[in-house]
Structures are given as C-alpha cells and as structure tokens.
Amino acid sequence: MSIDKQQFEYESNYFVNCKQWIEKEINIASESDKVLQNKIASLKKQSKGKYNEELETSEKLYKITHKNLEKYLEAKEQPYFARIDFREDRRADESYYIGKFGLGDSSTGDEVVIDWRAPIADLYYSGTEGRTSYEVPDGFIDGELKLKRKFLIRDSKLKDAFDDGINEIILGSSDDESALMDEFLKINLEESVSSKLKDVVATIQKEQNDIIRAGKNSPLIVQGSAGSGKTTIALHRLAYLLYKYRNTLLPKDILVIAPNKLFLDYISMVLPSLGVDMVKQKTFEEIAKEILEYKGKIITKDKKLMKVLEQEVKSKRLVTASSKLKGSMSYKIIMDRYLRYIEKCDLEIEDIKVYNYVLFDAKEIKRLFIKDMAFLPIDKRKDEIKRYFKLKFNEKVAEVMEKVVFNYEYNITRIKKTMEDSKERREKIIELYNERDAKKKELIALAKETMESYFENWKHKDVLELLKVFFNNKEVFDEVTDNKINSELSTFLTDEYNCNSEEGILDCDDLTAMLYLKFKIQGVPEKYKYKHLVIDEAQDYSPFQYVVLNNICVNNSMTIVGDVGQGIYYYKGIDDWQKFINDVLAGEASYVELTQSYRSTVEIINFANRVLRKQKNNLTPAKPVLRHGDVPKVINFNGNKEFSLKLDEICNYCIENGKESIAVIGRTYEECKKIKDILNKESKYKWTLVKDTDKNVKLNKIIIPSYMTKGLEFDCSIVYNCTEENYSNNELDKKILYVALTRALHYEFVFYDGEISSLIEE
C-alpha cells in the first residue's frame with residue numbers, strides 16, 4: 001500500500017538530497033577522469049610506443065574510475081528503488097537504500113546505496129517480517145527486518161512509495177479474487193512493451209530471487225511457464241554470479257546461447273543496463289561455426305522447422321526422423337563407434353625412419369597411442385607422443401648417427417685393406433669422409449623434418465571430411481550404425497548430406513556431430529572453454545547438443561531455462577526434464593518450476609491454457625498475476641479486406657490506450673508473406689515482416705511467424721487465421737499455437753476464416 005503523507009515527504013526530501021549528492025560525486029569523478037585522461041595522453045607521448053609501467057598502471061586505474069563514473073551517471077535518474085530497515089543483533093536500527101548499483105561516498109567511504117546483488121539486499125527480495133537472517137561468505141547475519149519499501153520513480157521524480165505487508169502473499173490466481181496484489185508490481189506490469197527486454201531489479205519476486213542467487217557449481221534447470229520471466233531471471237543471475245564471484249569469474253568466462261539473432265537483439269540491453277559487458281551472446285549455430293572455423297552457409301533450425309511446417313507428409317516424416325536421430329544419445333553412441341573406427345585407421349602406421357634407419361619404432365608409437373595416451377583426444381595424443389619423442393630426439397639421432405658413422409668407417413677400412421695406396425684410393429677415402437660429414441650435418445635437419453612431416457600427415461585436418469566419409473562409405477556407415485538404421489532413412493541421410501554439400505551448405509543438425517568429432521579428435525580450444533553457460537529456450541536443444549555444450553563448459557556450471565510446453569522443435573528437443581537429467585547429466589542437476597506468469601492478464605493466460613491442457617505433458621498450467629484486462633476476442637472474418645479493416649480498428653484502439661507494440665502472428669513465414677501483401681494493399685498502417693535472418697526489429701506493428709515469437713512479448717497480439725486446417729489436433733500445432741497465444745501483455749485477438757480450430761475450444 002502507499003505510504004502516508006508524512007513518510008512520503010521524508011522520502012521525497014531524501015530522494016532530492018541523494019540526487020544532489022550524486023551530482024557532487026559525478027563532478028568529483030569527472031574531474032578525476034579528466035586528470036587521468038591527460039596523464040595517460042602525456043605518458044603515451046613520452047613513451048613513443050614503448051612499454052611504460054606507469055602508463056599501464058594509469059590505464060588500468062582509468063578503467064576502474066571511469067566505470068565508477070558511469071555507475072553514478074546511470075544512477076542519476078533513479079539512484080535506488082527500495083529501502084529496508086534492519087536491526088542486526090546487538091546493534092541499532094539501520095536503513096538501507098537498494099539500487100541497481102552500489103554507490104559509495106568518495107569522502108567517507110560509506111556505501112550510500114546498496115547493490116541489489118549484495119548479501120543484505122536478499123532481505124528485500126526474500127526476507128520476512130520479524131526475526132530473520134541473511135547469508136554472508138563466512139556465515140549468517142541475524143537480526144530483525146522491520147520495513148520493506150518500494151519506490152515508484154519516473155522521469156527522475158519520486159511518484160509514489162509502497163510498503164509491503166511482508167508476510168502476505170502478493171500474488172493471486174484467477175480463482176482467488178480475495179488475494180492481495182502488490183500494487184507496485186501491478187503498476188510495472190501494466191506499462192507498455194519496449195523494443196528491448198528491460199532489467200527488473202525492482203520487481204524480482206521471491207521465487208525468482210532464489211534462482212538468481214542459487215549456487216553455480218552444478219547445472220540449474222528452470223522450467224518456466226510462458227511469461228514467468230525465465231530469460232530475465234537467467235540474465236540477472238549472470239549479473240549476480242559476476243558480482244558474487246568477481247575474483248574468479250569474469251564476463252569473458254560466460255556464454256549465453258539464445259535461439260536466434262532477433263532474440264539476441266531483444267535481450268541485448270539487459271546485461272549492459274546491469275553494468276555487465278563483454279559477455280558473449282550467440283546462437284548455437286554461430287558458436288559452432290566459430291569453433292569449427294566454418295565459413296559456409298547453414299540451414300538453421302528455424303529454416304528446418306519451416307520445412308516441417310510446410311512440406312508434404314513423406315518428406316516431413318524423413319526430415320523429422322533425421323533431425324531426431326542426429327540429436328539423440330543413440331547418435332552419440334554411433335559417433336563414439338565412428339571414433340573407434342577412426343582410431344583403428346590411425347593405427348595403420350609405419351616406423352619413423354631417416355636414411356632408412358628407424359628413428360622411432362611403429363610398435364612403440366602404437367602402444368603410446370592406444371594405451372598410454374588413450375585418455376586424450378585423438379590428435380592430442382599425437383601431439384603428446386611428438387612432445388615425448390622430442391625429449392628423446394637427440395638420443396635417437398645420436399644412435400642413428402653412430403650407425404651412419406659406423407657404416408662409413410667400415411667402408412673406409414675395407415677400402416684401406418683392399419686397395420693399395422694410390423691417388424684413387426686417397427680420393428675415394430676423402431670422398432667417403434666428406435660424404436659422411438655431409439650426412440652427419442644433414443641428419444639432424446632431415447630427422448626433424450621427417451618427424452614433423454610424419455605427425456602433420458598423421459593428424460586430421462578437416463572434420464567436415466570425416467562426416468563426408470561417414471555418410472558416403474556404406475561399409476563404414478553400416479559398421480558404426482550396427483545396421484540399425486533402416487534403408488529409407490539411411491538413404492535420406494546420405495542424399496540430404498550430399499545435396500547440401502553440393503550447394504555449399506551445412507545442416508544445423510550436422511553441426512553437433514562435427515563439434516563432437518572435433519572435440520574428441522582435436523580437443524576443445526582453450527578460448528572456447530567457459531566457466532558458466534546460460535542456455536535459453538533450452539527445451540529446443542537436443543540431448544546430443546547438450547553433450548557437446550558440456551564439453552565447452554568447465555565444471556558443469558550451467559543455467560538452463562526453458563518450457564517444454566513451448567517445445568516447437570518437438571522432433572529433437574527435450575520433452576521430459578527428468579529423463580534429460582538422468583540420461584544427459586547423470587542425475588546431477590537442480591530443478592525448479594516457475595508457474596507464475598507475469599506477462600499477460602488473467603484472461604489471456606486462461607485462454608492460452610486451453611491449448612496447454614491439450615498437450616501431452618504433465619505441466620502445471622501457468623498461473624497469472626491477478627491483473628485483469630479484456631477477454632481475448634475470437635473474430636470471424638470473410639476475406640482480406642475485412643481482416644485489414646478490423647485490424648486497423650484494433651490498432652486504433654491500442655494506440656488510443658497508449659499501446660504501440662502490435663504483432664500479427666502467422667503460422668509460417670509463407671503465410672506471413674501473404675499477410676504482408678494483404679496489408680500493403682488494404683491497411684492504413686505500415687507493417688514490417690520479420691525474417692529469421694533479422695538481427696534487430698522494432699516491435700511496433702510487425703508480422704511475424706509463430707515460431708519466431710518465442711521469448712518476445714507485445715502489447716497486443718493478433719493470431720491470423722486460427723482454423724482447424726492451420727492449427728489441427730497434433731503436438732506441433734498445439735505448441736506453436738500456445739506460443740503465439742502467450743505473447744500479449746494486454747490485448748489478444750484471434751481471427752479465423754473457415755472452421756475454427758478445436759484447440760481453442762473450452
């Protein structure tokens with residue numbers, strides 16, 4: 001509830017004073033910034049490009065102080081968003097103001113604003129009234145929590161403040177109209193969508209905070225309903241981990257894997273707004289291409305889904321069967337067998353010889369390769385054998401040298417015994433001595449060259465070539481698959497690979513096997529080893545992909561967020577988290593479910609849950625925050641002109657109510673192109689068609705395929721032509737329609753021309 005007038009006056013004065021203090025700190029920091037800049041410029045001039053220790057120290061100091069200045073500048077508009085009053089045992093009451101960044105006073109060293117990630121700030125998110133405690137590195141701090149206050153700050157002004165009834169449940173469901181509602185949260189949720197995902201440090205809820213602050217040394221899986229904030233939570237968790245483990249975890253140690261480039265753009269501002277930069281954010285395809293150093297084109301998973309949505313039945317069946325196989329743990333077993341075949345072929349080697357003398361024996365090389373070094377990747381073994389041989393190189397060359405010299409000495413002695421002293425004999429002896437000396441000189445260089453060449457030729461240079469052999473050598477294919485792939489599918493696999501190869505493209509599903517082969521043969525490059533991975537829309541990745549990702553993840557430290565209810569890549573993705581944990585993670589993972597949805601109104605969530613309940617899963621339907629709005633409207637239309645006319649009326653209504661983000665959602669990209677043509681002719685508004693290759697798009701008035709809307713949200717969504725033909729009673733349609741119906745915050749409209757889909761019936 002809002003605080004009383006006297007308390008609000010106190011907080012208003014405090015807010016003004018805090019802003020004035022920040023202005024002072026900005027002036028001090030700016031002056032220091034200029035002094036350091038001038039010093040660095042002067043030192044650079046003096047050093048003339050040479051190393052200068054003072055310059056290096058000054059540049060490091062500047063990075064720290066300038067980042068501090070940026071924090072004050074960022075906090076200027078909204079220094080904090082909350083206050084807690086806490087009395088630590090045997091100490092006086094104390095008030096703590098909590099903000100996005102910790103802000104300290106340069107003159108006293110006191111912390112004026114507490115960072116939201118600090119241990120004591122946990123009380124704001126999870127603390128309960130009365131006796132409580134919070135965790136610090138060496139134990140717990142006990143005391144009494146007396147106040148939790150939230151501030152509504154807009155346009156750099158304090159508009160309102162709310163005190164929590166700390167022990168009360170703030171979220172209700174559609175069935176419990178008496179449940180209390182957090183007014184501060186409600187105000188934030190009712191605001192319009194922006195073109196980028198925003199940080200939510202002021203409105204993080206207890207169940208979200210528990211996930212954010214969970215330990216990092218084992219996989220954490222978050223199954224979150226649509227609108228539960230799982231993406232936002234995962235990114236805030238990164239910011240928290242970087243704060244808590246700042247001495248051992250750096251932004252460059254983290255990789256965020258997201259579904260597509262548009263989604264990456266949508267989330268691009270969250271981490272920078274939390275003061276975190278240099279975190280790599282990529283799609284799986286992008287990181288795979290980078291590691292494999294592959295320059296060609298990729299058939300992305302979105303393009304493959306388009307095929308599945310639009311192709312005729314037989315081809316669709318084979319495409320999905322191929323994708324399912326290539327993502328399965330069975331395929332990993334096949335690749336392991338293929339690696340054993342490669343290993344066997346690698347044992348077909350000869351002695352390392354120089355001048356026909358054995359430098360290193362093939363038997364020894366085989367023993368080292370197959371036994372002593374077996375724990376290493378295949379080519380790493382060869383490197384290690386080479387390194388070991390280099391240690392013995394001089395000794396081995398000396399042995400060969402001894403044999404070479406002995407042969408020459410033998411021949412010289414024989415000439416001396418068999419020929420009388422003469423000019424010819426002397427010339428022959430001199431010739432042999434010269435030849436011997438030349439060979440001795442050549443021997444070391446030739447031995448080095450021979451050994452380098454031997455190991456270079458022994459190694460595998462092209463992983464792509466290995467995959468080509470796998471698909472095209474029937475004898476090898478049958479051996480490693482144990483003849484368990486039927487002839488129709490095996491023919492399709494070979495034809496699909498060769499057809500793509502001829503066109504200079506690669507199927508995204510083949511990237512997984514290529515990475516696995518690379519890691520097992522060449523090892524994981526050091527620069528692609530990460531201390532923590534965040535995998536978003538995690539249900540869309542195959543078990544085999546997770547095996548590969550685990551190879552680049554140090555100590556299994558992963559945050560995995562997804563929703564099997566939105567698993568539109570059903571033919572290869574995860575549909576059962578427990579099975580995934582057992583099969584892929586060896587049972588070692590923490591699992592959390594989030595069922596509270598903060599995105600949509602009660603009416604929109606209840607409407608979408610009709611579709612979720614028809615899916616084959618055991619998910620608890622999303623529970624909406626008690627925020628009411630218009631009931632989704634199901635509208636019959638007759639022809640393109642009528643659709644456009646009604647769409648324009650919807651746009652007018654949204655704009656009048658201050659809502660600009662409007663999306664028309666088509667089932668497929670082909671359908672979206674037709675919608676675009678219709679609206680170009682009939683609508684008075686300008687519409688943007690979103691493609692799977694788009695890197696950034698403003699979310700105002702867009703036409704977008706259903707499968708590309710995941711993770712995005714709009715003020716208003718319009719599902720185009722929700723007929724029985726378009727969305728029939730199968731698992732894929734249930735999932736893509738559920739995704740489409742869970743995008744809207746405030747308004748939702750479902751159009752149909754023909755027989756309405758049974759999926760949205762009660």
# chains A, B, ... in the order shown; residues from 1 in each chain; ligands from 1
>>> residues_around(residues="Ile604 of chain A", least_positions_apart="4", cutoff="10 Å", atoms="only C-alpha atoms", output="PDB file with N, CA and C atoms, in the first residue's frame")
ATOM      1  N   ARG A 599       3.533 -11.897 -17.409  1.00  0.00           N
ATOM      2  CA  ARG A 599       3.399 -11.168 -18.672  1.00  0.00           C
ATOM      3  C   ARG A 599       1.969 -10.730 -18.940  1.00  0.00           C
ATOM      4  N   SER A 600       1.075 -11.688 -18.968  1.00  0.00           N
ATOM      5  CA  SER A 600      -0.263 -11.442 -19.508  1.00  0.00           C
ATOM      6  C   SER A 600      -1.309 -11.300 -18.409  1.00  0.00           C
ATOM      7  N   ALA A 608      -4.962 -19.076 -23.162  1.00  0.00           N
ATOM      8  CA  ALA A 608      -3.825 -19.859 -23.682  1.00  0.00           C
ATOM      9  C   ALA A 608      -3.751 -21.231 -23.030  1.00  0.00           C
ATOM     10  N   ASN A 609      -4.141 -21.311 -21.758  1.00  0.00           N
ATOM     11  CA  ASN A 609      -4.077 -22.590 -21.036  1.00  0.00           C
ATOM     12  C   ASN A 609      -5.026 -23.647 -21.610  1.00  0.00           C
ATOM     13  N   PRO A 624      -1.665 -16.822 -13.641  1.00  0.00           N
ATOM     14  CA  PRO A 624      -1.435 -15.398 -13.899  1.00  0.00           C
ATOM     15  C   PRO A 624      -1.415 -14.572 -12.621  1.00  0.00           C
ATOM     16  N   HIS A 628      -6.285  -7.990 -14.311  1.00  0.00           N
ATOM     17  CA  HIS A 628      -7.356  -8.251 -15.267  1.00  0.00           C
ATOM     18  C   HIS A 628      -7.286  -7.322 -16.467  1.00  0.00           C
ATOM     19  N   GLY A 629      -7.914  -7.767 -17.553  1.00  0.00           N
ATOM     20  CA  GLY A 629      -7.978  -6.973 -18.774  1.00  0.00           C
ATOM     21  C   GLY A 629      -9.079  -7.509 -19.665  1.00  0.00           C
ATOM     22  N   ASP A 630      -9.045  -7.100 -20.924  1.00  0.00           N
ATOM     23  CA  ASP A 630     -10.064  -7.540 -21.877  1.00  0.00           C
ATOM     24  C   ASP A 630      -9.943  -9.043 -22.130  1.00  0.00           C
ATOM     25  N   VAL A 631     -11.074  -9.698 -22.283  1.00  0.00           N
ATOM     26  CA  VAL A 631     -11.077 -11.115 -22.671  1.00  0.00           C
ATOM     27  C   VAL A 631     -10.613 -11.209 -24.128  1.00  0.00           C
ATOM     28  N   PRO A 632      -9.705 -12.162 -24.463  1.00  0.00           N
ATOM     29  CA  PRO A 632      -9.297 -12.317 -25.870  1.00  0.00           C
ATOM     30  C   PRO A 632     -10.518 -12.475 -26.768  1.00  0.00           C
ATOM     31  N   LYS A 633     -10.477 -11.792 -27.895  1.00  0.00           N
ATOM     32  CA  LYS A 633     -11.627 -11.802 -28.809  1.00  0.00           C
ATOM     33  C   LYS A 633     -11.350 -12.735 -29.977  1.00  0.00           C
ATOM     34  N   LEU A 741      -0.205 -17.629 -28.450  1.00  0.00           N
ATOM     35  CA  LEU A 741      -1.238 -17.092 -27.549  1.00  0.00           C
ATOM     36  C   LEU A 741      -0.682 -16.554 -26.232  1.00  0.00           C
ATOM     37  N   THR A 742       0.616 -16.730 -25.980  1.00  0.00           N
ATOM     38  CA  THR A 742       1.200 -16.277 -24.700  1.00  0.00           C
ATOM     39  C   THR A 742       2.152 -15.098 -24.882  1.00  0.00           C
ATOM     40  N   ARG A 743       2.014 -14.376 -25.990  1.00  0.00           N
ATOM     41  CA  ARG A 743       2.918 -13.246 -26.258  1.00  0.00           C
ATOM     42  C   ARG A 743       2.361 -11.910 -25.772  1.00  0.00           C
ATOM     43  N   ALA A 744       1.038 -11.804 -25.657  1.00  0.00           N
ATOM     44  CA  ALA A 744       0.413 -10.498 -25.412  1.00  0.00           C
ATOM     45  C   ALA A 744       0.393 -10.126 -23.931  1.00  0.00           C
ATOM     46  N   LEU A 745       0.679  -8.868 -23.657  1.00  0.00           N
ATOM     47  CA  LEU A 745       0.576  -8.357 -22.287  1.00  0.00           C
ATOM     48  C   LEU A 745      -0.838  -7.896 -21.970  1.00  0.00           C
ATOM     49  N   HIS A 746      -1.470  -7.215 -22.930  1.00  0.00           N
ATOM     50  CA  HIS A 746      -2.719  -6.514 -22.621  1.00  0.00           C
ATOM     51  C   HIS A 746      -3.914  -6.925 -23.482  1.00  0.00           C
ATOM     52  N   TYR A 747      -3.690  -7.071 -24.789  1.00  0.00           N
ATOM     53  CA  TYR A 747      -4.815  -7.352 -25.686  1.00  0.00           C
ATOM     54  C   TYR A 747      -4.472  -8.525 -26.604  1.00  0.00           C
ATOM     55  N   GLU A 748      -5.489  -9.369 -26.858  1.00  0.00           N
ATOM     56  CA  GLU A 748      -5.275 -10.501 -27.758  1.00  0.00           C
ATOM     57  C   GLU A 748      -6.515 -10.715 -28.629  1.00  0.00           C
ATOM     58  N   PHE A 749      -6.247 -10.950 -29.924  1.00  0.00           N
ATOM     59  CA  PHE A 749      -7.314 -11.185 -30.885  1.00  0.00           C
ATOM     60  C   PHE A 749      -6.957 -12.417 -31.713  1.00  0.00           C
TER      61      PHE A 749
END
>>> residues_around(residues="Asp210 of chain A", least_positions_apart="3", cutoff="10 Å", atoms="only C-alpha atoms", output="list in words")
Asp122, Tyr125, Ser126, Ile204, Gln205, Lys206, Glu207, Arg213, Ala214, Gly215, Ile233, Arg237 and Val592 of chain A
>>> atom_distance(atom1="atom CA of Ile22 of chain A", atom2="atom CA of Lys198 of chain A")
23.5 Å
>>> residues_around(residues="Val584 of chain A", least_positions_apart="2", cutoff="12 Å", atoms="only C-alpha atoms", output="count of residues only")
28
>>> select_by_dssp(residues="segment 565-687 of chain A", states="strand (DSSP E or B)", output="count of residues only")
18
>>> residues_around(residues="Gly567 of chain A", least_positions_apart="3", cutoff="6 Å", atoms="only C-alpha atoms", output="PyMOL selection string")
chain A and resi 539-540+564+570
>>> write_last_selection(atoms="C-alpha atoms", output="PDB file, in the first residue's frame")
ATOM      1  CA  GLN A 539      13.812 -27.333 -24.484  1.00  0.00           C
ATOM      2  CA  ASP A 540      14.659 -26.765 -28.174  1.00  0.00           C
ATOM      3  CA  VAL A 564       8.563 -27.938 -22.671  1.00  0.00           C
ATOM      4  CA  TYR A 570       9.396 -31.473 -30.748  1.00  0.00           C
TER       5      TYR A 570
END
>>> residues_around(residues="Ser273 of chain A", least_positions_apart="4", cutoff="10 Å", atoms="only C-alpha atoms", output="PyMOL selection string")
chain A and resi 71+74+100+198-199+268-269+277
>>> select_by_dssp(residues="segment 560-728 of chain A", states="alpha helix (DSSP H)", output="ChimeraX atom specification")
/A:577-584,602-612,640-656,669-682
>>> write_last_selection(atoms="N, CA and C atoms", output="compact mmCIF listing (two decimals), in the first residue's frame")
# COMPACT_ATOMS: atom_id res chain seq x y z
N TRP A 577 12.09 -33.24 -18.57
CA TRP A 577 13.32 -32.77 -17.91
C TRP A 577 13.97 -33.85 -17.06
N GLN A 578 13.17 -34.67 -16.40
CA GLN A 578 13.75 -35.68 -15.53
C GLN A 578 14.53 -36.72 -16.33
N LYS A 579 13.97 -37.10 -17.48
CA LYS A 579 14.66 -38.05 -18.36
C LYS A 579 15.96 -37.41 -18.86
N PHE A 580 15.90 -36.14 -19.19
CA PHE A 580 17.08 -35.41 -19.65
C PHE A 580 18.16 -35.38 -18.56
N ILE A 581 17.74 -35.10 -17.33
CA ILE A 581 18.69 -35.05 -16.21
C ILE A 581 19.37 -36.40 -16.02
N ASN A 582 18.60 -37.47 -16.10
CA ASN A 582 19.15 -38.81 -15.91
C ASN A 582 20.05 -39.24 -17.07
N ASP A 583 19.59 -39.01 -18.30
CA ASP A 583 20.30 -39.51 -19.48
C ASP A 583 21.53 -38.69 -19.85
N VAL A 584 21.42 -37.38 -19.68
CA VAL A 584 22.48 -36.49 -20.18
C VAL A 584 23.36 -35.94 -19.06
N VAL A 602 -5.00 -12.14 -16.58
CA VAL A 602 -5.68 -13.38 -16.20
C VAL A 602 -6.43 -13.96 -17.39
N GLU A 603 -7.12 -13.08 -18.12
CA GLU A 603 -7.96 -13.53 -19.23
C GLU A 603 -7.13 -14.14 -20.36
N ILE A 604 -6.00 -13.54 -20.67
CA ILE A 604 -5.13 -14.04 -21.75
C ILE A 604 -4.51 -15.38 -21.36
N ILE A 605 -4.02 -15.48 -20.13
CA ILE A 605 -3.39 -16.73 -19.68
C ILE A 605 -4.41 -17.87 -19.64
N ASN A 606 -5.59 -17.59 -19.12
CA ASN A 606 -6.62 -18.64 -19.06
C ASN A 606 -6.99 -19.13 -20.46
N PHE A 607 -7.02 -18.21 -21.42
CA PHE A 607 -7.34 -18.57 -22.80
C PHE A 607 -6.23 -19.45 -23.38
N ALA A 608 -4.96 -19.08 -23.16
CA ALA A 608 -3.83 -19.86 -23.68
C ALA A 608 -3.75 -21.23 -23.03
N ASN A 609 -4.14 -21.31 -21.76
CA ASN A 609 -4.08 -22.59 -21.04
C ASN A 609 -5.03 -23.65 -21.61
N ARG A 610 -6.02 -23.21 -22.37
CA ARG A 610 -6.89 -24.18 -23.05
C ARG A 610 -6.05 -25.07 -23.97
N VAL A 611 -5.10 -24.45 -24.65
CA VAL A 611 -4.24 -25.18 -25.59
C VAL A 611 -3.21 -26.02 -24.83
N LEU A 612 -2.63 -25.44 -23.76
CA LEU A 612 -1.61 -26.15 -22.99
C LEU A 612 -2.16 -27.45 -22.41
N ASN A 640 -9.86 -10.75 -47.31
CA ASN A 640 -8.70 -9.94 -46.91
C ASN A 640 -9.07 -8.52 -46.49
N LYS A 641 -10.03 -7.95 -47.20
CA LYS A 641 -10.40 -6.56 -46.92
C LYS A 641 -10.99 -6.43 -45.53
N GLU A 642 -11.85 -7.38 -45.17
CA GLU A 642 -12.48 -7.34 -43.85
C GLU A 642 -11.45 -7.53 -42.74
N PHE A 643 -10.50 -8.44 -42.96
CA PHE A 643 -9.43 -8.64 -41.98
C PHE A 643 -8.65 -7.34 -41.76
N SER A 644 -8.25 -6.69 -42.85
CA SER A 644 -7.47 -5.45 -42.75
C SER A 644 -8.24 -4.35 -42.06
N LEU A 645 -9.55 -4.26 -42.36
CA LEU A 645 -10.38 -3.23 -41.75
C LEU A 645 -10.46 -3.42 -40.24
N LYS A 646 -10.68 -4.67 -39.83
CA LYS A 646 -10.78 -4.96 -38.39
C LYS A 646 -9.42 -4.80 -37.70
N LEU A 647 -8.35 -5.13 -38.41
CA LEU A 647 -7.01 -4.96 -37.84
C LEU A 647 -6.72 -3.48 -37.60
N ASP A 648 -7.09 -2.64 -38.54
CA ASP A 648 -6.87 -1.19 -38.37
C ASP A 648 -7.66 -0.66 -37.18
N GLU A 649 -8.86 -1.20 -36.96
CA GLU A 649 -9.66 -0.78 -35.80
C GLU A 649 -8.95 -1.18 -34.50
N ILE A 650 -8.36 -2.37 -34.49
CA ILE A 650 -7.61 -2.83 -33.32
C ILE A 650 -6.42 -1.91 -33.06
N CYS A 651 -5.71 -1.56 -34.13
CA CYS A 651 -4.55 -0.65 -33.99
C CYS A 651 -4.99 0.69 -33.42
N ASN A 652 -6.10 1.21 -33.91
CA ASN A 652 -6.61 2.50 -33.41
C ASN A 652 -6.88 2.40 -31.91
N TYR A 653 -7.52 1.29 -31.50
CA TYR A 653 -7.87 1.07 -30.10
C TYR A 653 -6.61 0.99 -29.23
N CYS A 654 -5.61 0.25 -29.71
CA CYS A 654 -4.35 0.10 -28.94
C CYS A 654 -3.65 1.44 -28.78
N ILE A 655 -3.55 2.17 -29.88
CA ILE A 655 -2.83 3.46 -29.86
C ILE A 655 -3.55 4.45 -28.95
N GLU A 656 -4.88 4.46 -28.99
CA GLU A 656 -5.65 5.34 -28.11
C GLU A 656 -5.37 5.04 -26.64
N TYR A 669 6.25 -18.65 -42.24
CA TYR A 669 6.80 -17.47 -42.93
C TYR A 669 6.08 -17.23 -44.25
N GLU A 670 5.72 -18.31 -44.95
CA GLU A 670 4.99 -18.16 -46.21
C GLU A 670 3.65 -17.48 -45.98
N GLU A 671 2.97 -17.86 -44.92
CA GLU A 671 1.70 -17.21 -44.59
C GLU A 671 1.92 -15.74 -44.25
N CYS A 672 3.01 -15.46 -43.55
CA CYS A 672 3.32 -14.07 -43.17
C CYS A 672 3.57 -13.20 -44.40
N LYS A 673 4.19 -13.78 -45.42
CA LYS A 673 4.41 -13.02 -46.67
C LYS A 673 3.08 -12.66 -47.32
N LYS A 674 2.13 -13.59 -47.26
CA LYS A 674 0.80 -13.30 -47.82
C LYS A 674 0.10 -12.21 -47.02
N ILE A 675 0.24 -12.29 -45.69
CA ILE A 675 -0.36 -11.25 -44.82
C ILE A 675 0.23 -9.88 -45.16
N LYS A 676 1.54 -9.85 -45.37
CA LYS A 676 2.23 -8.60 -45.72
C LYS A 676 1.66 -8.02 -47.01
N ASP A 677 1.46 -8.87 -48.02
CA ASP A 677 0.90 -8.41 -49.30
C ASP A 677 -0.51 -7.85 -49.10
N ILE A 678 -1.29 -8.54 -48.26
CA ILE A 678 -2.67 -8.09 -47.99
C ILE A 678 -2.66 -6.71 -47.33
N LEU A 679 -1.83 -6.57 -46.29
CA LEU A 679 -1.82 -5.32 -45.51
C LEU A 679 -1.21 -4.16 -46.30
N ASN A 680 -0.27 -4.47 -47.19
CA ASN A 680 0.28 -3.41 -48.06
C ASN A 680 -0.81 -2.76 -48.89
N LYS A 681 -1.78 -3.58 -49.29
CA LYS A 681 -2.86 -3.06 -50.15
C LYS A 681 -4.00 -2.46 -49.34
N GLU A 682 -4.32 -3.08 -48.20
CA GLU A 682 -5.57 -2.74 -47.52
C GLU A 682 -5.42 -1.92 -46.22
>>> residues_around(residues="Arg90 of chain A", least_positions_apart="6", cutoff="12 Å", atoms="only C-alpha atoms", output="list in words")
Ile141, Asp142, Gly143 and Glu144 of chain A
>>> write_last_selection(atoms="C-alpha atoms", output="mmCIF file, in the first residue's frame")
data_model
loop_
_atom_site.group_PDB
_atom_site.id
_atom_site.type_symbol
_atom_site.label_atom_id
_atom_site.label_comp_id
_atom_site.auth_asym_id
_atom_site.auth_seq_id
_atom_site.Cartn_x
_atom_site.Cartn_y
_atom_site.Cartn_z
ATOM 1 C CA ILE A 141 23.855 -12.256 9.996
ATOM 2 C CA ASP A 142 20.882 -12.469 12.379
ATOM 3 C CA GLY A 143 18.518 -9.672 13.218
ATOM 4 C CA GLU A 144 15.059 -8.179 12.717
#
>>> atom_distance(atom1="atom CA of Trp687 of chain A", atom2="atom CA of Lys701 of chain A")
5.3 Å
>>> closest_residue(among="A:Ser590, A:Asn27, A:Ser95, A:Ser107", to="Ile120 of chain A", atoms="only C-alpha atoms")
A:Ser95
>>> atom_distance(atom1="atom CA of Phe471 of chain A", atom2="atom CA of Lys324 of chain A")
16.7 Å
>>> closest_residue(among="A:Asp336, A:Glu350, A:Asp733, A:Asp715", to="Ser757 of chain A", atoms="only C-alpha atoms")
A:Asp733
>>> closest_atom_pairs(of="segment 611-722 of chain A", to="segment 285-304 of chain A", cutoff="12 Å", atoms="only C-alpha atoms", output="tab-separated table")
residue	atom	partner	partner_atom	distance
A:Thr668	CA	A:Asp302	CA	10.5
A:Tyr669	CA	A:Lys303	CA	9.6
A:Glu670	CA	A:Lys303	CA	11.6
A:Lys691	CA	A:Asp302	CA	10.1
A:Asp692	CA	A:Asp302	CA	6.9
A:Thr693	CA	A:Thr300	CA	9.6
A:Pro705	CA	A:Asp302	CA	10.1
A:Ser706	CA	A:Asp302	CA	10.8
A:Tyr707	CA	A:Asp302	CA	7.6
A:Met708	CA	A:Asp302	CA	8.0
A:Thr709	CA	A:Asp302	CA	11.6
A:Lys710	CA	A:Asp302	CA	11.7
>>> decode(residues="segment 199-238 of chain A", atoms="C-alpha atoms", output="tab-separated table (two decimals), in the first residue's frame")
chain	number	residue	atom	x	y	z
A	199	ASP	CA	16.07	-5.28	-16.27
A	200	VAL	CA	13.63	-5.98	-13.43
A	201	VAL	CA	15.78	-5.49	-10.33
A	202	ALA	CA	12.98	-3.54	-8.64
A	203	THR	CA	10.32	-6.23	-9.14
A	204	ILE	CA	12.17	-9.53	-8.72
A	205	GLN	CA	9.90	-11.90	-6.80
A	206	LYS	CA	10.97	-14.34	-4.08
A	207	GLU	CA	10.89	-17.49	-6.24
A	208	GLN	CA	12.85	-15.65	-8.94
A	209	ASN	CA	15.37	-14.35	-6.40
A	210	ASP	CA	16.01	-17.89	-5.13
A	211	ILE	CA	17.00	-18.92	-8.66
A	212	ILE	CA	19.15	-15.83	-9.23
A	213	ARG	CA	21.14	-16.47	-6.04
A	214	ALA	CA	21.46	-20.26	-6.39
A	215	GLY	CA	24.96	-21.79	-6.38
A	216	LYS	CA	26.83	-22.08	-9.67
A	217	ASN	CA	28.72	-25.37	-9.41
A	218	SER	CA	26.12	-27.70	-10.90
A	219	PRO	CA	23.51	-27.41	-13.65
A	220	LEU	CA	20.38	-25.49	-12.68
A	221	ILE	CA	17.28	-26.23	-14.78
A	222	VAL	CA	14.38	-23.79	-14.70
A	223	GLN	CA	11.11	-24.99	-16.22
A	224	GLY	CA	9.18	-21.74	-16.55
A	225	SER	CA	5.70	-21.13	-17.88
A	226	ALA	CA	5.29	-18.55	-20.63
A	227	GLY	CA	5.72	-15.10	-19.07
A	228	SER	CA	7.36	-16.37	-15.88
A	229	GLY	CA	10.42	-14.22	-16.59
A	230	LYS	CA	12.85	-17.10	-17.04
A	231	THR	CA	15.02	-15.28	-19.61
A	232	THR	CA	15.17	-12.16	-17.46
A	233	ILE	CA	15.96	-14.27	-14.40
A	234	ALA	CA	18.79	-16.08	-16.23
A	235	LEU	CA	20.40	-12.77	-17.24
A	236	HIS	CA	20.04	-11.27	-13.77
A	237	ARG	CA	21.55	-14.47	-12.40
A	238	LEU	CA	24.60	-13.84	-14.58
